[in-house]
file entry.cif (mmCIF, C-alpha atoms)
data_coords
#
loop_
_atom_site.label_atom_id
_atom_site.label_comp_id
_atom_site.auth_asym_id
_atom_site.auth_seq_id
_atom_site.Cartn_x
_atom_site.Cartn_y
_atom_site.Cartn_z
CA MET E 1 146.57 83.60 205.40
CA GLN E 2 148.98 80.81 204.43
CA HIS E 3 146.11 78.90 202.78
CA ASP E 4 145.28 81.99 200.66
CA ALA E 5 148.93 82.40 199.66
CA TYR E 6 149.04 78.71 198.69
CA GLN E 7 145.85 79.01 196.61
CA GLU E 8 147.32 82.05 194.89
CA ALA E 9 150.58 80.19 194.15
CA CYS E 10 148.62 77.26 192.65
CA GLN E 11 146.48 79.66 190.66
CA PHE E 12 149.66 81.17 189.25
CA LEU E 13 151.00 77.72 188.34
CA PHE E 14 147.78 76.56 186.72
CA GLU E 15 146.70 79.72 184.89
CA GLN E 16 149.84 81.56 183.86
CA LEU E 17 151.45 78.53 182.34
CA PRO E 18 150.30 75.81 180.02
CA MET E 19 149.69 72.54 181.82
CA PHE E 20 149.56 69.47 179.63
CA GLN E 21 147.13 67.61 181.88
CA ARG E 22 144.58 70.41 181.57
CA VAL E 23 145.06 71.87 178.10
CA GLY E 24 146.86 69.21 176.09
CA ALA E 25 149.09 69.64 173.07
CA LYS E 26 149.97 73.30 173.33
CA ALA E 27 151.67 72.66 176.71
CA TYR E 28 153.98 69.98 175.33
CA LYS E 29 157.61 71.14 175.10
CA ASN E 30 159.83 69.20 172.76
CA ASP E 31 163.25 69.90 174.23
CA LEU E 32 165.01 70.09 177.60
CA THR E 33 166.51 73.58 177.21
CA ASN E 34 164.03 75.28 179.56
CA ILE E 35 164.35 72.81 182.41
CA ARG E 36 168.15 72.85 182.13
CA VAL E 37 168.27 76.66 182.25
CA LEU E 38 165.78 76.74 185.13
CA THR E 39 167.59 74.16 187.28
CA GLU E 40 170.94 75.79 186.51
CA ARG E 41 169.60 79.10 187.89
CA LEU E 42 168.49 77.15 190.98
CA GLY E 43 171.94 75.62 191.54
CA ASN E 44 171.44 72.27 189.74
CA PRO E 45 169.45 70.55 192.50
CA GLU E 46 169.01 67.41 190.34
CA GLN E 47 172.71 66.63 190.87
CA GLN E 48 172.42 66.70 194.66
CA PHE E 49 170.61 63.43 195.40
CA PRO E 50 170.60 59.86 194.05
CA SER E 51 167.48 58.75 192.16
CA LEU E 52 165.49 55.99 190.49
CA HIS E 53 163.72 57.00 187.25
CA ILE E 54 160.53 55.22 186.13
CA GLY E 55 158.85 55.54 182.72
CA GLY E 56 156.48 53.47 180.57
CA THR E 57 152.89 53.72 179.39
CA ASN E 58 150.93 51.86 182.08
CA GLY E 59 151.97 50.93 185.60
CA LYS E 60 154.71 53.52 186.04
CA GLY E 61 152.77 55.28 188.83
CA SER E 62 152.24 52.02 190.73
CA VAL E 63 155.87 50.94 190.30
CA THR E 64 157.06 54.39 191.42
CA HIS E 65 154.96 54.14 194.60
CA MET E 66 156.11 50.56 195.30
CA LEU E 67 159.79 51.50 194.92
CA SER E 68 159.27 54.54 197.12
CA ALA E 69 157.67 52.40 199.84
CA ILE E 70 160.58 49.92 199.63
CA CYS E 71 163.14 52.73 199.97
CA GLN E 72 161.23 54.09 202.97
CA ALA E 73 161.00 50.66 204.60
CA ALA E 74 164.76 50.26 204.08
CA GLY E 75 165.28 53.38 206.20
CA LEU E 76 166.02 55.83 203.37
CA ARG E 77 164.64 59.37 203.50
CA THR E 78 162.72 59.08 200.24
CA GLY E 79 161.53 61.77 197.87
CA LEU E 80 158.66 60.82 195.55
CA TYR E 81 157.68 62.74 192.42
CA VAL E 82 154.57 61.69 190.47
CA SER E 83 152.08 63.26 188.07
CA PRO E 84 149.40 64.29 187.55
CA HIS E 85 147.76 65.06 190.89
CA TYR E 86 144.19 64.09 191.77
CA LYS E 87 143.04 66.79 194.22
CA ASP E 88 145.94 68.86 195.45
CA PHE E 89 149.07 70.00 193.59
CA ARG E 90 151.18 68.90 196.58
CA GLU E 91 150.46 65.21 195.86
CA ARG E 92 153.14 65.45 193.16
CA ILE E 93 155.99 66.05 195.63
CA ARG E 94 156.39 63.96 198.80
CA ILE E 95 159.07 62.95 201.27
CA ASN E 96 158.38 59.72 203.18
CA GLY E 97 154.72 59.97 202.16
CA GLN E 98 154.26 63.55 203.42
CA TYR E 99 153.20 66.16 200.86
CA ILE E 100 155.44 69.17 200.32
CA PRO E 101 154.32 71.90 202.78
CA ARG E 102 152.19 74.72 201.33
CA ARG E 103 154.78 77.24 202.49
CA GLU E 104 157.45 75.54 200.32
CA VAL E 105 155.22 75.82 197.25
CA VAL E 106 154.55 79.51 197.94
CA ASP E 107 158.25 80.25 198.51
CA PHE E 108 159.29 78.40 195.36
CA VAL E 109 156.78 80.30 193.22
CA HIS E 110 158.23 83.57 194.63
CA THR E 111 161.71 82.32 193.72
CA VAL E 112 160.88 81.46 190.09
CA ARG E 113 158.62 84.41 189.33
CA PRO E 114 161.55 86.73 188.47
CA LEU E 115 162.86 84.06 186.06
CA MET E 116 159.58 83.79 184.19
CA GLU E 117 160.12 86.44 181.52
CA ASP E 118 163.53 85.08 180.76
CA VAL E 119 162.92 81.32 180.78
CA ARG E 120 159.14 80.93 180.15
CA PRO E 121 158.97 77.47 181.74
CA SER E 122 155.83 75.34 181.44
CA PHE E 123 153.76 74.20 184.41
CA PHE E 124 155.46 70.80 184.30
CA GLU E 125 158.96 72.27 184.13
CA ILE E 126 158.28 74.39 187.21
CA SER E 127 156.80 71.39 189.07
CA VAL E 128 159.87 69.26 188.32
CA ALA E 129 162.26 72.05 189.30
CA MET E 130 160.29 72.55 192.53
CA ALA E 131 160.48 68.84 193.37
CA PHE E 132 164.19 68.59 192.70
CA SER E 133 164.91 71.78 194.70
CA TYR E 134 162.86 70.50 197.62
CA PHE E 135 164.57 67.08 197.56
CA ALA E 136 168.01 68.73 197.47
CA LYS E 137 167.09 71.15 200.28
CA ARG E 138 165.76 68.34 202.50
CA LYS E 139 168.76 66.13 201.62
CA VAL E 140 166.80 63.02 200.63
CA ASP E 141 168.74 59.74 200.57
CA MET E 142 166.86 58.68 197.43
CA ALA E 143 164.35 60.24 195.04
CA VAL E 144 161.94 58.00 193.15
CA VAL E 145 160.84 59.96 190.09
CA GLU E 146 158.05 59.13 187.64
CA VAL E 147 158.43 60.31 184.04
CA GLY E 148 155.63 62.68 183.01
CA LEU E 149 155.15 62.09 179.29
CA GLY E 150 157.31 60.00 176.99
CA GLY E 151 160.85 60.00 178.30
CA ARG E 152 163.48 61.41 175.98
CA LEU E 153 162.12 64.97 176.15
CA ASP E 154 160.43 64.78 179.54
CA SER E 155 161.59 67.40 182.05
CA THR E 156 162.54 64.70 184.57
CA ASN E 157 165.11 63.37 182.08
CA ILE E 158 167.84 65.72 183.32
CA LEU E 159 168.42 63.17 186.12
CA ARG E 160 171.28 60.71 186.08
CA PRO E 161 169.69 57.94 188.16
CA GLU E 162 171.13 54.81 189.75
CA LEU E 163 168.54 52.77 187.83
CA SER E 164 166.07 53.37 185.00
CA VAL E 165 162.80 51.42 184.72
CA ILE E 166 160.42 51.21 181.75
CA THR E 167 157.23 49.32 182.60
CA ASN E 168 155.69 48.66 179.17
CA ILE E 169 154.52 50.27 175.94
CA SER E 170 150.94 50.90 174.86
CA PHE E 171 149.24 53.55 172.73
CA ASP E 172 148.97 56.84 174.59
CA HIS E 173 149.78 60.44 173.57
CA VAL E 174 150.41 59.21 170.01
CA GLN E 175 150.31 62.80 168.73
CA PHE E 176 153.64 63.39 170.51
CA LEU E 177 155.24 59.98 170.83
CA GLY E 178 154.40 58.29 167.54
CA ASP E 179 151.72 55.88 166.34
CA THR E 180 153.59 52.58 166.47
CA TYR E 181 154.89 50.67 169.47
CA ALA E 182 158.44 50.98 168.13
CA LEU E 183 158.21 54.78 167.82
CA ILE E 184 156.73 55.13 171.31
CA ALA E 185 159.42 52.80 172.67
CA GLY E 186 162.05 55.02 171.05
CA GLU E 187 160.77 57.98 173.06
CA LYS E 188 160.50 55.99 176.31
CA ALA E 189 163.99 54.55 175.75
CA GLY E 190 165.30 58.11 175.94
CA ILE E 191 165.60 57.71 179.72
CA ILE E 192 168.27 54.99 179.30
CA LYS E 193 171.57 56.63 180.30
CA GLU E 194 175.21 55.80 179.68
CA GLY E 195 176.23 52.98 182.03
CA VAL E 196 173.00 53.10 184.07
CA PRO E 197 171.24 49.72 184.35
CA VAL E 198 167.69 49.54 183.00
CA VAL E 199 164.80 47.21 183.82
CA ILE E 200 162.06 46.67 181.22
CA GLY E 201 158.82 45.34 182.70
CA GLU E 202 157.36 43.46 179.76
CA THR E 203 158.99 41.77 176.78
CA GLN E 204 157.06 42.94 173.70
CA SER E 205 158.19 41.76 170.28
CA GLU E 206 157.93 45.22 168.67
CA THR E 207 159.69 47.11 171.45
CA ALA E 208 162.35 44.74 172.87
CA PRO E 209 164.79 45.36 169.95
CA VAL E 210 164.44 49.13 170.44
CA PHE E 211 165.38 48.85 174.13
CA GLU E 212 168.18 46.35 173.46
CA GLN E 213 169.72 48.61 170.83
CA LYS E 214 169.58 51.69 173.06
CA ALA E 215 171.06 49.70 175.98
CA ALA E 216 173.89 48.47 173.74
CA GLU E 217 174.62 52.02 172.51
CA THR E 218 174.77 53.36 176.07
CA LYS E 219 176.53 50.33 177.60
CA ALA E 220 173.61 49.99 180.01
CA ALA E 221 172.95 46.56 181.54
CA ILE E 222 169.40 45.55 180.55
CA CYS E 223 167.00 43.14 182.26
CA PHE E 224 163.47 42.16 181.18
CA ALA E 225 161.52 41.56 184.40
CA ASP E 226 159.07 39.03 182.92
CA GLN E 227 161.93 36.80 181.74
CA HIS E 228 163.05 36.22 185.33
CA TYR E 229 159.98 36.70 187.48
CA SER E 230 156.59 35.07 187.51
CA VAL E 231 153.93 36.24 189.90
CA GLU E 232 150.79 34.25 190.70
CA LEU E 233 147.78 35.81 192.42
CA LEU E 234 146.70 33.58 195.31
CA ARG E 235 143.75 35.60 196.61
CA SER E 236 142.62 39.16 197.16
CA SER E 237 140.44 41.26 199.46
CA LEU E 238 139.21 44.82 198.92
CA THR E 239 142.49 46.22 200.26
CA HIS E 240 145.20 43.61 199.63
CA SER E 241 146.25 40.95 197.16
CA TRP E 242 148.55 38.03 197.98
CA TYR E 243 151.04 36.59 195.51
CA ARG E 244 153.43 33.69 195.09
CA VAL E 245 156.61 35.01 193.49
CA MET E 246 159.08 32.87 191.55
CA ARG E 247 162.47 34.10 190.33
CA ASP E 248 164.24 32.04 187.67
CA GLY E 249 162.10 29.05 188.64
CA GLN E 250 162.86 29.29 192.38
CA LEU E 251 160.34 30.33 195.04
CA LEU E 252 161.25 33.83 196.23
CA TYR E 253 158.15 34.85 198.21
CA ASP E 254 155.18 32.79 199.25
CA GLU E 255 152.16 34.83 200.33
CA LEU E 256 153.63 38.25 199.49
CA ALA E 257 150.96 40.81 200.49
CA LEU E 258 150.44 43.92 198.38
CA ASN E 259 148.31 46.77 199.71
CA ALA E 260 146.74 47.31 196.27
CA THR E 261 144.44 45.23 194.12
CA GLY E 262 143.68 45.32 190.45
CA PRO E 263 144.17 43.49 187.22
CA TYR E 264 147.65 44.78 186.41
CA GLN E 265 149.40 44.76 189.78
CA HIS E 266 151.08 41.38 189.16
CA LEU E 267 152.93 42.98 186.23
CA ASN E 268 153.88 46.01 188.33
CA LEU E 269 155.02 43.75 191.16
CA GLN E 270 157.37 41.71 188.99
CA THR E 271 158.81 44.92 187.50
CA THR E 272 159.34 46.36 190.99
CA LEU E 273 161.03 43.23 192.34
CA ALA E 274 163.31 42.98 189.29
CA ALA E 275 164.18 46.67 189.76
CA VAL E 276 165.14 46.08 193.41
CA ASP E 277 167.29 43.13 192.32
CA GLN E 278 169.13 45.04 189.60
CA TRP E 279 169.55 48.09 191.78
CA GLN E 280 171.21 46.03 194.52
CA GLN E 281 173.34 44.13 192.06
CA HIS E 282 174.71 47.21 190.31
CA THR E 283 175.09 49.62 193.25
CA GLY E 284 175.92 47.35 196.18
CA ARG E 285 172.91 48.68 198.10
CA ARG E 286 171.19 46.20 200.42
CA ILE E 287 167.43 45.90 200.71
CA SER E 288 166.18 43.14 203.02
CA ALA E 289 163.30 40.80 202.19
CA GLU E 290 161.62 42.08 205.39
CA ALA E 291 161.76 45.67 204.09
CA VAL E 292 160.18 44.57 200.79
CA ARG E 293 157.41 42.66 202.60
CA TYR E 294 156.65 45.52 204.99
CA ALA E 295 156.71 48.14 202.21
CA LEU E 296 154.31 46.31 199.90
CA ALA E 297 151.90 45.30 202.69
CA ASN E 298 151.71 48.94 203.85
CA LEU E 299 151.91 50.65 200.47
CA ARG E 300 149.02 53.12 200.93
CA ALA E 301 150.00 54.21 204.46
CA LEU E 302 153.67 54.70 203.48
CA THR E 303 153.16 56.57 200.21
CA ARG E 304 149.50 57.73 200.06
CA PHE E 305 149.00 55.67 196.91
CA GLN E 306 145.53 56.32 195.44
CA GLY E 307 143.28 56.20 192.40
CA ARG E 308 144.34 52.79 191.09
CA TRP E 309 141.55 50.17 191.28
CA GLN E 310 140.41 51.86 194.50
CA PRO E 311 137.26 50.51 196.21
CA LEU E 312 135.14 53.44 197.40
CA ARG E 313 132.26 51.53 198.99
CA GLU E 314 130.47 48.18 199.18
CA GLN E 315 126.87 47.21 198.33
CA PRO E 316 127.00 48.26 195.61
CA LEU E 317 130.72 47.75 195.15
CA VAL E 318 132.19 50.94 193.65
CA ILE E 319 135.66 50.88 192.10
CA ALA E 320 137.48 53.97 190.81
CA ASP E 321 140.33 53.32 188.40
CA SER E 322 142.66 55.64 186.52
CA ALA E 323 142.73 53.44 183.40
CA HIS E 324 142.55 55.81 180.44
CA ASN E 325 144.23 54.18 177.44
CA GLU E 326 143.65 51.04 175.41
CA ALA E 327 145.84 48.64 177.42
CA GLY E 328 144.75 49.99 180.82
CA LEU E 329 141.05 49.88 179.99
CA GLN E 330 141.30 46.40 178.50
CA LEU E 331 142.80 45.08 181.76
CA ALA E 332 140.30 46.93 183.93
CA LEU E 333 137.27 45.71 181.97
CA THR E 334 138.57 42.13 181.92
CA ALA E 335 139.00 42.29 185.70
CA VAL E 336 135.44 43.55 186.16
CA ASN E 337 134.16 40.34 184.57
CA GLU E 338 135.86 38.34 187.29
CA LEU E 339 134.08 40.17 190.12
CA PRO E 340 130.68 38.71 191.03
CA HIS E 341 127.93 41.23 190.26
CA ASP E 342 124.46 41.50 188.77
CA GLN E 343 124.35 44.67 186.65
CA LEU E 344 127.49 46.59 185.64
CA HIS E 345 127.27 50.40 185.73
CA ILE E 346 130.11 52.41 184.17
CA VAL E 347 130.66 56.11 184.88
CA PHE E 348 132.86 57.11 181.97
CA GLY E 349 134.53 60.24 180.67
CA MET E 350 137.53 60.91 178.42
CA VAL E 351 139.85 63.71 177.45
CA ASN E 352 139.37 65.06 173.95
CA ASP E 353 142.76 64.06 172.51
CA LYS E 354 142.49 60.29 173.06
CA ASP E 355 141.77 57.93 170.16
CA ARG E 356 138.19 56.88 170.90
CA GLU E 357 138.05 54.38 168.05
CA LYS E 358 140.42 52.10 169.97
CA VAL E 359 138.31 52.38 173.13
CA TRP E 360 134.77 51.67 171.86
CA PRO E 361 135.34 47.95 171.12
CA LEU E 362 136.57 47.45 174.72
CA LEU E 363 133.38 48.73 176.38
CA PRO E 364 130.87 45.97 177.18
CA ALA E 365 127.46 46.35 175.52
CA LYS E 366 125.63 44.90 178.54
CA ALA E 367 126.74 47.70 180.91
CA ARG E 368 124.67 50.81 181.71
CA TYR E 369 126.64 53.97 181.00
CA TYR E 370 126.75 57.36 182.69
CA TRP E 371 128.67 59.63 180.30
CA VAL E 372 130.42 62.49 182.04
CA LYS E 373 132.89 65.32 181.38
CA ALA E 374 135.74 65.90 183.81
CA ASN E 375 136.11 69.48 184.96
CA VAL E 376 139.26 70.26 182.93
CA PRO E 377 139.54 72.08 179.58
CA ARG E 378 140.61 68.84 177.85
CA GLY E 379 137.48 67.02 179.04
CA LEU E 380 135.36 65.67 176.18
CA ASP E 381 131.76 66.90 176.15
CA ALA E 382 129.47 64.27 177.74
CA GLY E 383 126.74 64.80 175.12
CA GLU E 384 129.22 64.18 172.33
CA LEU E 385 130.43 61.04 174.09
CA ALA E 386 126.86 59.79 174.60
CA ALA E 387 125.91 60.39 170.96
CA GLU E 388 128.98 58.62 169.65
CA ALA E 389 128.48 55.72 172.10
CA ALA E 390 124.84 55.30 171.06
CA GLY E 391 126.08 54.83 167.50
CA LYS E 392 128.23 51.97 168.80
CA GLY E 393 125.29 50.31 170.55
CA LEU E 394 126.19 51.42 174.08
CA GLN E 395 123.22 52.49 176.21
CA GLY E 396 123.43 55.40 178.63
CA LYS E 397 122.78 59.04 179.40
CA ALA E 398 124.96 62.14 179.52
CA TYR E 399 125.35 64.02 182.82
CA SER E 400 126.42 67.59 183.49
CA SER E 401 129.20 66.58 185.88
CA VAL E 402 131.11 63.54 187.14
CA ARG E 403 129.41 63.89 190.53
CA ASN E 404 125.94 63.88 188.95
CA GLY E 405 126.75 60.83 186.84
CA TYR E 406 128.09 59.02 189.90
CA LYS E 407 125.01 59.94 191.97
CA ALA E 408 122.75 58.64 189.19
CA ALA E 409 124.67 55.35 189.11
CA LEU E 410 124.35 54.99 192.90
CA ARG E 411 120.59 55.62 192.70
CA ALA E 412 120.15 53.07 189.91
CA ALA E 413 122.38 50.32 191.33
CA SER E 414 121.16 47.55 193.61
CA ALA E 415 123.34 46.13 196.42
CA GLN E 416 124.63 43.30 194.20
CA ASP E 417 125.57 45.57 191.29
CA LEU E 418 129.02 46.92 190.45
CA ILE E 419 129.90 50.52 189.57
CA LEU E 420 133.17 51.20 187.75
CA ILE E 421 134.39 54.79 187.38
CA CYS E 422 137.07 55.13 184.68
CA GLY E 423 138.17 56.61 181.34
CA SER E 424 140.34 59.41 182.66
CA ILE E 425 142.47 60.27 185.70
CA PHE E 426 140.43 63.47 185.93
CA VAL E 427 137.13 61.60 186.16
CA THR E 428 138.58 59.42 188.95
CA ALA E 429 139.92 62.50 190.78
CA GLU E 430 136.42 63.94 191.14
CA VAL E 431 135.07 60.95 193.09
CA LEU E 432 138.03 60.28 195.41
#

call {"tool": "encode", "arguments": {"input": "entry.cif", "output": "structure tokens"}}
result
Amino acid sequence: MQHDAYQEACQFLFEQLPMFQRVGAKAYKNDLTNIRVLTERLGNPEQQFPSLHIGGTNGKGSVTHMLSAICQAAGLRTGLYVSPHYKDFRERIRINGQYIPRREVVDFVHTVRPLMEDVRPSFFEISVAMAFSYFAKRKVDMAVVEVGLGGRLDSTNILRPELSVITNISFDHVQFLGDTYALIAGEKAGIIKEGVPVVIGETQSETAPVFEQKAAETKAAICFADQHYSVELLRSSLTHSWYRVMRDGQLLYDELALNATGPYQHLNLQTTLAAVDQWQQHTGRRISAEAVRYALANLRALTRFQGRWQPLREQPLVIADSAHNEAGLQLALTAVNELPHDQLHIVFGMVNDKDREKVWPLLPAKARYYWVKANVPRGLDAGELAAEAAGKGLQGKAYSSVRNGYKAALRAASAQDLILICGSIFVTAEVL
């Protein structure tokens, strides 16, 4: 019975309300009025727990999970809010790695239903309000919260955190955030709060002045992670990568194990470590080196981290990755070249509002492609993708579903080949 009630609650969330991940632009709200009214009606839960707030274009999900694991390893009862989800709505809201119980989702939907006519919140606004209410109710010691889209106008931006983090800037959601790095940075910089320290992951010439100006205006201490940290990959297995970490030229960690692999994790690691540094420095909190080591080595078990450069099987090696914009795909496809393999097979699908012209030049001509459409309304038709790709000299066939494309790749691949599944979080979700 409870399972049915949960399915019904999710159905209500997904169908009654626009959900950006599924339908795109018409779900995007461009102010915070709704979320403020909604949380006010719920007793302002966002004011009842301390938080860390993480935004950026790429890497924010990984950094959010790493910081959550570190808080957990330090003995803090840790709330984690991320988006979107892969399989189950409850992935968005966790405490110490455990998903929010179905009963809590059902009860919350009952609570907000009477407010619907009045407030008309979006799917995302309800999800954020649910997370914050749950964290307040369960009295978390710390909530680690990932920004959904942009920053300035994102529903999570009603928080006043102990630390803000912005990983980097790349082109994504340009129809909302602007079509230059500086414009996008302006939106992301909206999470910088008066007197709250901020860590920027990567120093980029077009965006650094935007962040510095906003930090100056808000009297927020600012630190660029890559100006203090350098992280060198020593070796990696299918489950872990090991790094040597230097801070301001001094050895900080030798052989630091991270329970995640992938081409961008060194950047996420240096951002995370700089964030822990700044957080301690500005709040007087104490996080031991042992807690950091344990957290990163056990990242997946502690937080249920998934979908990022995730090996699904060997012989052939299959890797699923959530890379879906220019910078993410560039890193993923560069990393593929470094893995020994005979033929490369790519199962690829996109959502229909991404700029494909930026993506085509990144896709290697020598790969065999399996064009697919993710099962969401925003999914781009596989036939359309295949036709456009053929015009760019990319060889492959269109398949009626992600599963069928993946099965075809498995049938075609020999033991020494490599299959990469990417292009959209929603494509990845269907093979996990």

call {"tool": "atom_distance", "arguments": {"input": "entry.cif", "atom1": "CA of Ala291 (chain E)", "atom2": "CA of Pro45 (chain E)"}}
result
28.5 Å

call {"tool": "resolve_selection", "arguments": {"input": "entry.cif", "expression": "the PyMOL selection byres ((chain E and resi 308) around 12)", "output": "number ranges by chain"}}
result
E: 58-63, 65, 86, 239, 259-265, 300, 304-307, 309-312, 319-324, 328-329, 332, 420-422, 424-425, 428-429, 432

call {"tool": "residues_around", "arguments": {"input": "entry.cif", "residues": "Arg36 (chain E)", "least_positions_apart": "3", "cutoff": "10 Å", "atoms": "all atoms listed in the file", "output": "PyMOL selection string"}}
result
chain E and resi 31-33+39-42+44+46+125+129+155+157-158

call {"tool": "closest_residue", "arguments": {"input": "entry.cif", "among": "E:Ser51, E:Gly349, E:Ala225, E:Arg90", "to": "Arg102 (chain E)", "atoms": "all atoms listed in the file"}}
result
E:Arg90

call {"tool": "atom_distance", "arguments": {"input": "entry.cif", "atom1": "CA of Ile166 (chain E)", "atom2": "CA of Thr283 (chain E)"}}
result
18.7 Å

call {"tool": "atom_distance", "arguments": {"input": "entry.cif", "atom1": "CA of Gln270 (chain E)", "atom2": "CA of Thr64 (chain E)"}}
result
12.9 Å

call {"tool": "resolve_selection", "arguments": {"input": "entry.cif", "expression": "the PyMOL selection byres ((chain E and resi 380-395) around 7)", "output": "number ranges by chain"}}
result
E: 350-352, 365, 368-369, 371-373, 378-379, 396-399

call {"tool": "resolve_selection", "arguments": {"input": "entry.cif", "expression": "the PyMOL selection byres ((chain E and resi 137-152) around 6)", "output": "number ranges by chain"}}
result
E: 50-55, 68, 76-82, 134-136, 153-154, 187-188, 190-191

call {"tool": "closest_residue", "arguments": {"input": "entry.cif", "among": "E:Phe426, E:Cys223, E:Ser236, E:Glu8", "to": "Glu338 (chain E)", "atoms": "all atoms listed in the file"}}
result
E:Ser236

call {"tool": "closest_residue", "arguments": {"input": "entry.cif", "among": "E:Leu363, E:Gln72, E:Val431, E:Pro377", "to": "Glu15 (chain E)", "atoms": "all atoms listed in the file"}}
result
E:Pro377

call {"tool": "residues_around", "arguments": {"input": "entry.cif", "residues": "Gly186 (chain E)", "least_positions_apart": "3", "cutoff": "8 Å", "atoms": "all atoms listed in the file", "output": "PyMOL selection string"}}
result
chain E and resi 182-183+189-190+210-211

call {"tool": "build_atoms", "arguments": {"input": "entry.cif", "residues": "region 53-67 of chain E", "atoms": "N, CA and C atoms", "output": "compact mmCIF listing (two decimals), in the coordinates of the input"}}
result
# COMPACT_ATOMS: atom_id res chain seq x y z
N HIS E 53 164.52 56.29 188.25
CA HIS E 53 163.72 57.00 187.25
C HIS E 53 162.80 56.00 186.55
N ILE E 54 161.49 56.23 186.62
CA ILE E 54 160.53 55.22 186.13
C ILE E 54 159.64 55.79 185.02
N GLY E 55 159.69 55.15 183.85
CA GLY E 55 158.85 55.54 182.72
C GLY E 55 158.03 54.35 182.24
N GLY E 56 157.34 54.53 181.11
CA GLY E 56 156.48 53.47 180.57
C GLY E 56 155.10 54.03 180.30
N THR E 57 154.24 53.24 179.70
CA THR E 57 152.89 53.72 179.39
C THR E 57 151.94 53.46 180.55
N ASN E 58 151.82 52.21 180.95
CA ASN E 58 150.93 51.86 182.08
C ASN E 58 151.76 51.28 183.22
N GLY E 59 151.32 51.54 184.44
CA GLY E 59 151.97 50.93 185.60
C GLY E 59 153.11 51.73 186.19
N LYS E 60 153.54 52.81 185.50
CA LYS E 60 154.71 53.52 186.04
C LYS E 60 154.39 54.19 187.38
N GLY E 61 153.15 54.66 187.56
CA GLY E 61 152.77 55.28 188.83
C GLY E 61 152.79 54.26 189.96
N SER E 62 152.25 53.08 189.71
CA SER E 62 152.24 52.02 190.73
C SER E 62 153.65 51.58 191.08
N VAL E 63 154.49 51.37 190.06
CA VAL E 63 155.87 50.94 190.30
C VAL E 63 156.64 52.02 191.07
N THR E 64 156.41 53.28 190.72
CA THR E 64 157.06 54.39 191.42
C THR E 64 156.69 54.37 192.90
N HIS E 65 155.40 54.19 193.19
CA HIS E 65 154.96 54.14 194.60
C HIS E 65 155.55 52.92 195.32
N MET E 66 155.57 51.77 194.66
CA MET E 66 156.11 50.56 195.30
C MET E 66 157.59 50.74 195.63
N LEU E 67 158.35 51.29 194.68
CA LEU E 67 159.79 51.50 194.92
C LEU E 67 160.01 52.53 196.02
